[in-house]
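One file, entry-v2.txt, carrying compact mmCIF, C-alpha atoms:
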# COMPACT_ATOMS: atom_id res chain seq x y z
CA MET A 1 -57.74 -46.33 35.76
CA SER A 2 -54.02 -46.34 36.60
CA SER A 3 -51.65 -43.52 35.72
CA GLN A 4 -49.97 -45.77 33.13
CA THR A 5 -53.18 -46.13 31.16
CA ALA A 6 -54.13 -42.48 31.42
CA ARG A 7 -51.72 -41.61 28.61
CA PRO A 8 -51.30 -43.00 25.11
CA PHE A 9 -48.10 -44.85 24.18
CA ASP A 10 -46.35 -41.72 22.83
CA GLY A 11 -46.39 -40.07 26.24
CA ARG A 12 -48.78 -37.22 25.41
CA PRO A 13 -51.81 -36.41 27.53
CA LEU A 14 -55.07 -37.76 26.19
CA ASP A 15 -56.03 -34.36 24.76
CA GLY A 16 -53.03 -34.49 22.40
CA ARG A 17 -51.16 -31.50 23.84
CA PRO A 18 -47.38 -32.19 24.03
CA ARG A 19 -46.06 -32.20 27.57
CA HIS A 20 -42.90 -30.18 27.01
CA TRP A 21 -43.88 -26.57 26.33
CA TRP A 22 -40.25 -25.50 25.94
CA ARG A 23 -39.89 -27.77 22.92
CA GLU A 24 -42.83 -26.04 21.30
CA LEU A 25 -41.30 -22.65 22.06
CA LEU A 26 -38.04 -23.78 20.50
CA LEU A 27 -39.91 -25.00 17.43
CA VAL A 28 -41.60 -21.62 16.98
CA ALA A 29 -38.24 -19.86 17.37
CA LEU A 30 -36.72 -22.12 14.71
CA ILE A 31 -39.59 -21.35 12.32
CA TYR A 32 -39.07 -17.61 12.75
CA ALA A 33 -35.30 -18.00 12.35
CA ALA A 34 -35.76 -19.97 9.13
CA TYR A 35 -38.24 -17.37 7.88
CA ASP A 36 -35.82 -14.48 8.41
CA GLY A 37 -32.75 -16.50 7.46
CA SER A 38 -34.09 -17.64 4.09
CA ARG A 39 -32.14 -14.70 2.60
CA LEU A 40 -28.99 -16.83 2.95
CA VAL A 41 -30.14 -19.42 0.41
CA VAL A 42 -32.05 -17.29 -2.07
CA ALA A 43 -31.42 -18.36 -5.66
CA GLY A 44 -30.38 -15.38 -7.77
CA GLY A 45 -30.28 -11.74 -6.78
CA LEU A 46 -32.07 -8.49 -7.52
CA PRO A 47 -32.23 -8.97 -11.33
CA GLU A 48 -33.99 -12.33 -10.95
CA ALA A 49 -36.26 -10.97 -8.22
CA LEU A 50 -37.23 -8.03 -10.42
CA ARG A 51 -38.00 -10.31 -13.37
CA ASN A 52 -40.29 -12.41 -11.21
CA GLY A 53 -42.01 -9.29 -9.90
CA HIS A 54 -42.57 -8.06 -13.46
CA ARG A 55 -44.05 -11.42 -14.43
CA LEU A 56 -46.50 -11.44 -11.55
CA LEU A 57 -47.66 -7.91 -12.27
CA SER A 58 -48.01 -8.69 -15.98
CA ALA A 59 -50.09 -11.77 -15.18
CA GLU A 60 -52.38 -9.76 -12.92
CA THR A 61 -52.77 -7.04 -15.54
CA TRP A 62 -53.65 -9.67 -18.14
CA LEU A 63 -56.24 -11.08 -15.73
CA HIS A 64 -57.55 -7.56 -14.98
CA LEU A 65 -56.79 -8.20 -11.30
CA ALA A 66 -54.27 -5.67 -10.08
CA PRO A 67 -55.57 -3.87 -6.99
CA GLU A 68 -52.05 -3.05 -5.76
CA HIS A 69 -51.87 0.22 -7.69
CA TRP A 70 -55.04 1.85 -6.42
CA LEU A 71 -54.56 0.55 -2.89
CA ASN A 72 -50.99 1.85 -2.76
CA ASP A 73 -52.12 5.15 -4.26
CA ALA A 74 -54.77 5.53 -1.54
CA PHE A 75 -52.25 4.71 1.18
CA THR A 76 -49.73 7.15 -0.30
CA ARG A 77 -52.24 10.02 -0.36
CA HIS A 78 -53.79 9.38 3.07
CA ALA A 79 -51.49 9.04 6.07
CA TRP A 80 -54.42 8.02 8.26
CA LEU A 81 -54.56 4.83 6.18
CA ALA A 82 -50.84 4.30 5.70
CA VAL A 83 -49.54 4.81 9.23
CA PRO A 84 -51.80 2.25 10.97
CA ALA A 85 -51.14 -0.15 8.09
CA ASP A 86 -47.38 0.29 8.50
CA PHE A 87 -47.59 -0.55 12.19
CA ALA A 88 -49.89 -3.49 11.45
CA TYR A 89 -47.44 -4.86 8.87
CA ALA A 90 -44.49 -4.47 11.23
CA THR A 91 -46.12 -6.03 14.31
CA LEU A 92 -49.17 -8.23 13.83
CA HIS A 93 -47.31 -10.91 11.88
CA TYR A 94 -45.02 -11.46 14.87
CA LEU A 95 -47.57 -11.01 17.65
CA VAL A 96 -50.91 -12.46 16.60
CA THR A 97 -49.63 -15.77 15.24
CA PRO A 98 -47.78 -16.89 18.40
CA ALA A 99 -50.62 -15.51 20.53
CA VAL A 100 -53.15 -17.70 18.70
CA LEU A 101 -50.78 -20.67 18.96
CA VAL A 102 -50.50 -20.23 22.74
CA TRP A 103 -54.27 -19.78 23.00
CA VAL A 104 -54.85 -23.06 21.15
CA TRP A 105 -52.31 -24.74 23.45
CA ARG A 106 -54.06 -23.54 26.59
CA LYS A 107 -57.72 -23.68 25.60
CA HIS A 108 -57.97 -26.28 22.84
CA GLY A 109 -55.25 -28.81 23.52
CA ASP A 110 -57.01 -31.48 21.47
CA ARG A 111 -56.40 -29.37 18.35
CA TYR A 112 -52.91 -28.13 19.15
CA ARG A 113 -50.75 -30.78 17.46
CA HIS A 114 -52.71 -30.55 14.24
CA ALA A 115 -52.72 -26.74 14.32
CA ARG A 116 -48.99 -26.54 15.00
CA THR A 117 -48.16 -29.12 12.34
CA TRP A 118 -50.38 -27.35 9.83
CA LEU A 119 -48.65 -24.05 10.48
CA GLY A 120 -45.19 -25.60 10.36
CA ILE A 121 -45.69 -27.46 7.08
CA SER A 122 -47.20 -24.41 5.42
CA THR A 123 -44.27 -22.29 6.55
CA VAL A 124 -41.79 -24.77 5.10
CA LEU A 125 -43.68 -24.65 1.81
CA GLY A 126 -43.48 -20.86 1.92
CA LEU A 127 -39.72 -20.99 2.54
CA ILE A 128 -39.34 -23.23 -0.49
CA GLY A 129 -41.15 -20.58 -2.51
CA PHE A 130 -38.88 -17.83 -1.17
CA THR A 131 -35.72 -19.69 -2.09
CA THR A 132 -36.77 -21.01 -5.51
CA MET A 133 -38.68 -17.96 -6.70
CA PRO A 134 -37.18 -14.79 -5.18
CA THR A 135 -39.59 -11.98 -5.99
CA ALA A 136 -39.11 -8.26 -5.61
CA PRO A 137 -42.19 -6.74 -3.95
CA PRO A 138 -43.91 -3.80 -5.65
CA ARG A 139 -41.99 -1.29 -3.50
CA LEU A 140 -38.69 -2.49 -5.03
CA LEU A 141 -39.79 -2.27 -8.65
CA GLU A 142 -38.51 0.51 -10.90
CA ALA A 143 -40.02 3.96 -10.36
CA SER A 144 -41.82 3.68 -13.70
CA TYR A 145 -44.23 1.19 -12.10
CA GLY A 146 -45.52 3.94 -9.82
CA PHE A 147 -45.37 2.23 -6.42
CA THR A 148 -44.51 4.09 -3.22
CA ASP A 149 -42.88 2.34 -0.28
CA SER A 150 -45.33 3.28 2.45
CA MET A 151 -43.06 2.19 5.27
CA ARG A 152 -40.13 4.18 3.91
CA GLN A 153 -42.45 7.16 3.48
CA HIS A 154 -43.37 7.08 7.19
CA ALA A 155 -40.13 5.62 8.59
CA GLY A 156 -39.66 8.70 10.75
CA ILE A 157 -42.51 7.71 13.07
CA GLY A 158 -41.69 4.00 13.35
CA TRP A 159 -38.75 1.83 14.33
CA TRP A 160 -38.33 0.47 10.82
CA GLY A 161 -36.10 1.90 8.14
CA GLY A 162 -36.43 1.73 4.39
CA GLU A 163 -36.05 -2.02 4.22
CA ALA A 164 -39.46 -3.57 4.89
CA SER A 165 -40.31 -4.00 8.58
CA ALA A 166 -36.73 -4.52 9.77
CA PRO A 167 -35.55 -2.10 12.48
CA LYS A 168 -33.36 0.75 11.29
CA GLY A 169 -29.90 -0.50 10.41
CA MET A 170 -30.94 -4.16 10.38
CA GLY A 171 -32.19 -4.51 6.83
CA ASP A 172 -29.49 -7.08 6.03
CA LEU A 173 -31.13 -9.46 8.52
CA THR A 174 -34.30 -9.86 6.50
CA ASN A 175 -35.09 -11.37 3.11
CA GLN A 176 -36.57 -8.56 1.06
CA PHE A 177 -37.34 -10.92 -1.83
CA ALA A 178 -39.67 -13.11 0.28
CA ALA A 179 -42.80 -11.94 -1.50
CA MET A 180 -44.06 -15.14 -3.14
CA PRO A 181 -45.99 -16.57 -1.36
CA SER A 182 -47.15 -14.07 1.24
CA LEU A 183 -46.81 -15.73 4.63
CA HIS A 184 -48.21 -12.54 6.14
CA VAL A 185 -51.50 -13.47 4.49
CA GLY A 186 -51.00 -17.21 4.95
CA TRP A 187 -50.37 -16.99 8.68
CA ALA A 188 -53.25 -14.52 9.05
CA LEU A 189 -55.53 -17.03 7.33
CA TRP A 190 -54.37 -19.74 9.74
CA CYS A 191 -55.07 -17.45 12.70
CA GLY A 192 -58.47 -16.53 11.34
CA LEU A 193 -59.54 -20.11 10.76
CA MET A 194 -58.34 -21.21 14.20
CA LEU A 195 -60.40 -18.43 15.78
CA TRP A 196 -63.43 -19.14 13.62
CA PHE A 197 -63.51 -22.87 14.41
CA SER A 198 -62.38 -22.71 18.05
CA ALA A 199 -63.52 -19.44 19.63
CA ARG A 200 -66.73 -19.42 21.67
CA HIS A 201 -67.81 -15.82 21.10
CA LEU A 202 -69.25 -14.80 17.76
CA ALA A 203 -67.46 -11.45 17.77
CA VAL A 204 -64.08 -13.18 18.09
CA ARG A 205 -64.97 -15.63 15.34
CA VAL A 206 -66.02 -12.85 12.96
CA ALA A 207 -62.85 -10.93 13.81
CA GLY A 208 -60.94 -14.07 12.89
CA LEU A 209 -62.50 -14.11 9.43
CA LEU A 210 -61.81 -10.41 8.89
CA TYR A 211 -58.19 -10.60 10.02
CA PRO A 212 -56.72 -12.20 6.85
CA VAL A 213 -58.74 -9.79 4.70
CA LEU A 214 -57.27 -6.87 6.65
CA ILE A 215 -53.73 -8.22 6.29
CA ALA A 216 -54.20 -8.75 2.55
CA VAL A 217 -55.22 -5.10 2.15
CA VAL A 218 -52.28 -3.99 4.33
CA VAL A 219 -49.61 -5.94 2.44
CA MET A 220 -50.82 -4.65 -0.93
CA GLY A 221 -51.48 -1.09 0.18
CA THR A 222 -47.99 -0.77 1.66
CA ALA A 223 -46.52 -2.14 -1.60
CA ASN A 224 -45.04 -5.22 0.09
CA HIS A 225 -46.96 -7.86 -1.85
CA TYR A 226 -48.90 -8.55 -5.02
CA LEU A 227 -52.39 -9.99 -5.14
CA LEU A 228 -50.99 -13.26 -6.47
CA ASP A 229 -48.66 -13.39 -3.45
CA ALA A 230 -51.72 -13.30 -1.21
CA VAL A 231 -53.43 -16.00 -3.27
CA ALA A 232 -50.31 -18.17 -3.07
CA GLY A 233 -50.14 -17.60 0.69
CA CYS A 234 -53.67 -18.98 1.02
CA ALA A 235 -52.77 -21.88 -1.28
CA VAL A 236 -49.78 -23.01 0.81
CA MET A 237 -51.95 -22.88 3.93
CA GLY A 238 -54.51 -25.06 2.17
CA LEU A 239 -51.84 -27.55 1.15
CA GLY A 240 -50.41 -27.51 4.66
CA ALA A 241 -53.85 -28.32 6.05
CA LEU A 242 -54.10 -31.34 3.73
CA LEU A 243 -50.65 -32.62 4.69
CA ALA A 244 -50.89 -32.09 8.46
CA ALA A 245 -52.92 -35.20 9.33
CA PRO A 246 -50.82 -37.61 7.19
CA ALA A 247 -47.64 -36.09 8.65
CA LEU A 248 -48.89 -36.67 12.19
CA ARG A 249 -49.88 -40.25 11.41
CA LEU A 250 -46.46 -40.90 9.91
CA THR A 251 -44.72 -39.38 12.93
CA ASP A 252 -46.80 -41.38 15.40
CA ARG A 253 -46.27 -44.59 13.44
CA SER A 254 -42.49 -44.11 13.39
CA ARG A 255 -42.37 -43.40 17.14
CA ARG A 256 -44.73 -46.11 18.31
CA PRO A 257 -42.42 -49.20 18.18
CA ALA A 258 -39.72 -47.60 20.32
CA VAL A 259 -42.21 -46.17 22.80
CA VAL A 260 -44.13 -49.43 23.10
CA ALA A 261 -40.88 -51.28 23.69
CA ALA A 262 -40.00 -48.86 26.46
CA HIS A 263 -43.31 -49.65 28.20
CA ILE A 264 -42.88 -53.46 28.11
CA PRO A 265 -41.52 -54.66 31.48
CA ALA A 266 -38.26 -56.54 31.38
CA GLN A 267 -38.61 -60.33 31.89
CA SER A 268 -36.10 -62.75 33.24
CA PRO A 269 -34.52 -64.87 30.50
CA HIS A 270 -34.81 -67.93 32.78
CA PRO A 271 -38.10 -67.81 34.63
CA GLN A 272 -37.38 -71.16 36.21
CA ASP A 273 -34.36 -69.70 38.01
CA GLU A 274 -36.37 -67.08 39.83
CA PRO A 275 -36.55 -67.68 43.59
CA VAL A 276 -39.77 -69.09 44.95
CA PRO A 277 -41.29 -66.84 47.58
CA THR A 278 -41.47 -68.44 51.00
CA SER A 279 -44.10 -67.88 53.58

Let's see the structure in the file written out as structure tokens.
Amino acid sequence: MSSQTARPFDGRPLDGRPRHWWRELLLVALIYAAYDGSRLVVAGGLPEALRNGHRLLSAETWLHLAPEHWLNDAFTRHAWLAVPADFAYATLHYLVTPAVLVWVWRKHGDRYRHARTWLGISTVLGLIGFTTMPTAPPRLLEASYGFTDSMRQHAGIGWWGGEASAPKGMGDLTNQFAAMPSLHVGWALWCGLMLWFSARHLAVRVAGLLYPVLIAVVVMGTANHYLLDAVAGCAVMGLGALLAAPALRLTDRSRRPAVVAAHIPAQSPHPQDEPVPTS
């Protein structure tokens, strides 16, 4: 088989992995930039964010599903729970997700485009939630609600200050009202499912399933998210999974005519004028 037929019309290798890794790196950087920069387009301010936080907590209380209080109380009373959770909240979100993405790229190229598209669409859905429904996390509610900001409590041993996981003095660079949905939980679920369906070793697959559960406990125990935030984070990942395949088909369909045209050899407009080869 010739080298021309070893690739599909869109120029990707047969396993579906895009050829230009730097474009993928740029895409990931843009996703992170949009995630942190969503603060610039948030509708409303602290009053609106507080109202939305009150509504979520009221809904959970009505449903008798409000584990945030007892989890945060346990973290507040036991530093051996809070400190590892603080470090997990501040780091894993930014380390594990790109690590899993690179692992899929290298080891499971046939799944990479779908995995990347799934993650990207879900993140965009999350950003829409941040901007249309700014929500104050439990740690920003009034003192009467009884929540303790775990990361502020232990800020002396970490690089973060009193403004979520942002480094000291850089709180203005993060959107503190990005609680609904929880992309910490959503991205953790994506990582967990990728490991469960793609890893070879059972221990790694089980760890993948436990990872989103761990992150859900961490985000509630540190008073950064509500239970309904976590549920919404899982929901946007589910919707992203449903939309990924149609989005890829639409992208491939829109690119195919131009790429096919580029592969058609140019023909002389007057074949009869072409010189006849001589012996």

Next on the checklist: So that I can see what lies close to Leu125 of chain A, please list as a ChimeraX atom specification the residues with an atom at most 12 Å from it, counting all atoms listed in the file and leaving out residues fewer than 3 positions away in the same chain.
Outcome noted: /A:31,34-35,118-122,128-133,180-183,186,232-241,243

Item to check | Residue nearest Met220 of chain A among A:Leu101, A:Leu140, A:Leu71, A:Ala207 (counting all atoms listed in the file) | outcome: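 Of A:Leu101, A:Leu140, A:Leu71, A:Ala207, the one nearest Met220 of chain A, counting all atoms listed in the file, is A:Leu71.
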
Next on the checklist: Here is a test: counting only C-alpha atoms, which residue of A:Ala115, A:Ala88, A:Val206, A:Ala82 is nearest to Leu248 of chain A?
Outcome noted: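 Ranked by minimum distance to Leu248 of chain A, first place goes to A:Ala115.
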
Checklist entry - In Å, with one decimal, what is the gap from atom CA of Leu56 of chain A to atom CA of Pro137 of chain A? => result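 Computed distance, atom CA of Leu56 of chain A to atom CA of Pro137 of chain A, equals 9.9 Å.
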
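Our summary of the geometry notes that atom CA of Arg106 of chain A is positioned 21.1 Å from atom CA of Leu30 of chain A.
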
Next on the checklist: What does the structure give for the distance between atom CA of Trp62 of chain A and atom CA of Gly126 of chain A, in Å to one decimal?
Outcome noted: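 Separating atom CA of Trp62 of chain A from atom CA of Gly126 of chain A is a distance of 25.1 Å.
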
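Distance annotation: of A:Ala199, A:Leu227, A:Ile157, A:Val96, the residue with the minimal separation from Pro138 of chain A is A:Leu227; atom set is all atoms listed in the file.
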
Residues within 7 Å of Ala223 of chain A, only C-alpha atoms, excluding chain neighbours under 6 positions, as a PDB file with C-alpha atoms, in the coordinates of the input:
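Listed below is the output, part04.pdb:
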ATOM      1  CA  GLU A  68     -52.050  -3.050  -5.760  1.00  0.00           C
ATOM      2  CA  ASN A  72     -50.990   1.850  -2.760  1.00  0.00           C
ATOM      3  CA  PRO A 137     -42.190  -6.740  -3.950  1.00  0.00           C
ATOM      4  CA  PRO A 138     -43.910  -3.800  -5.650  1.00  0.00           C
ATOM      5  CA  ARG A 139     -41.990  -1.290  -3.500  1.00  0.00           C
ATOM      6  CA  PHE A 147     -45.370   2.230  -6.420  1.00  0.00           C
ATOM      7  CA  THR A 148     -44.510   4.090  -3.220  1.00  0.00           C
ATOM      8  CA  ASP A 149     -42.880   2.340  -0.280  1.00  0.00           C
ATOM      9  CA  SER A 150     -45.330   3.280   2.450  1.00  0.00           C
TER      10      SER A 150
END

Item to check | Point (-51.1, -8.6, 8.9), cut-off 12 Å, counting all atoms listed in the file, residues as an MDAnalysis selection string | outcome: chainID A and resid 84:97 165 182:192 208 210:222 224:225 230

Checklist entry - Using only C-alpha atoms, which of the listed residues (A:Trp160, A:Trp196, A:Tyr145, A:Phe177) sits closest to Asp73 of chain A? => result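 Using only C-alpha atoms, Asp73 of chain A sits closest to A:Tyr145.
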
Box for segment 48-57 of chain A: with edges along x, y and z, all listed atoms inside and 3 Å added on each side, what are the centre and edge lengths in Å to one decimal, as AutoDock Vina command-line options?
--center_x -40.8 --center_y -10.2 --center_z -11.3 --size_x 19.7 --size_y 10.5 --size_z 12.2
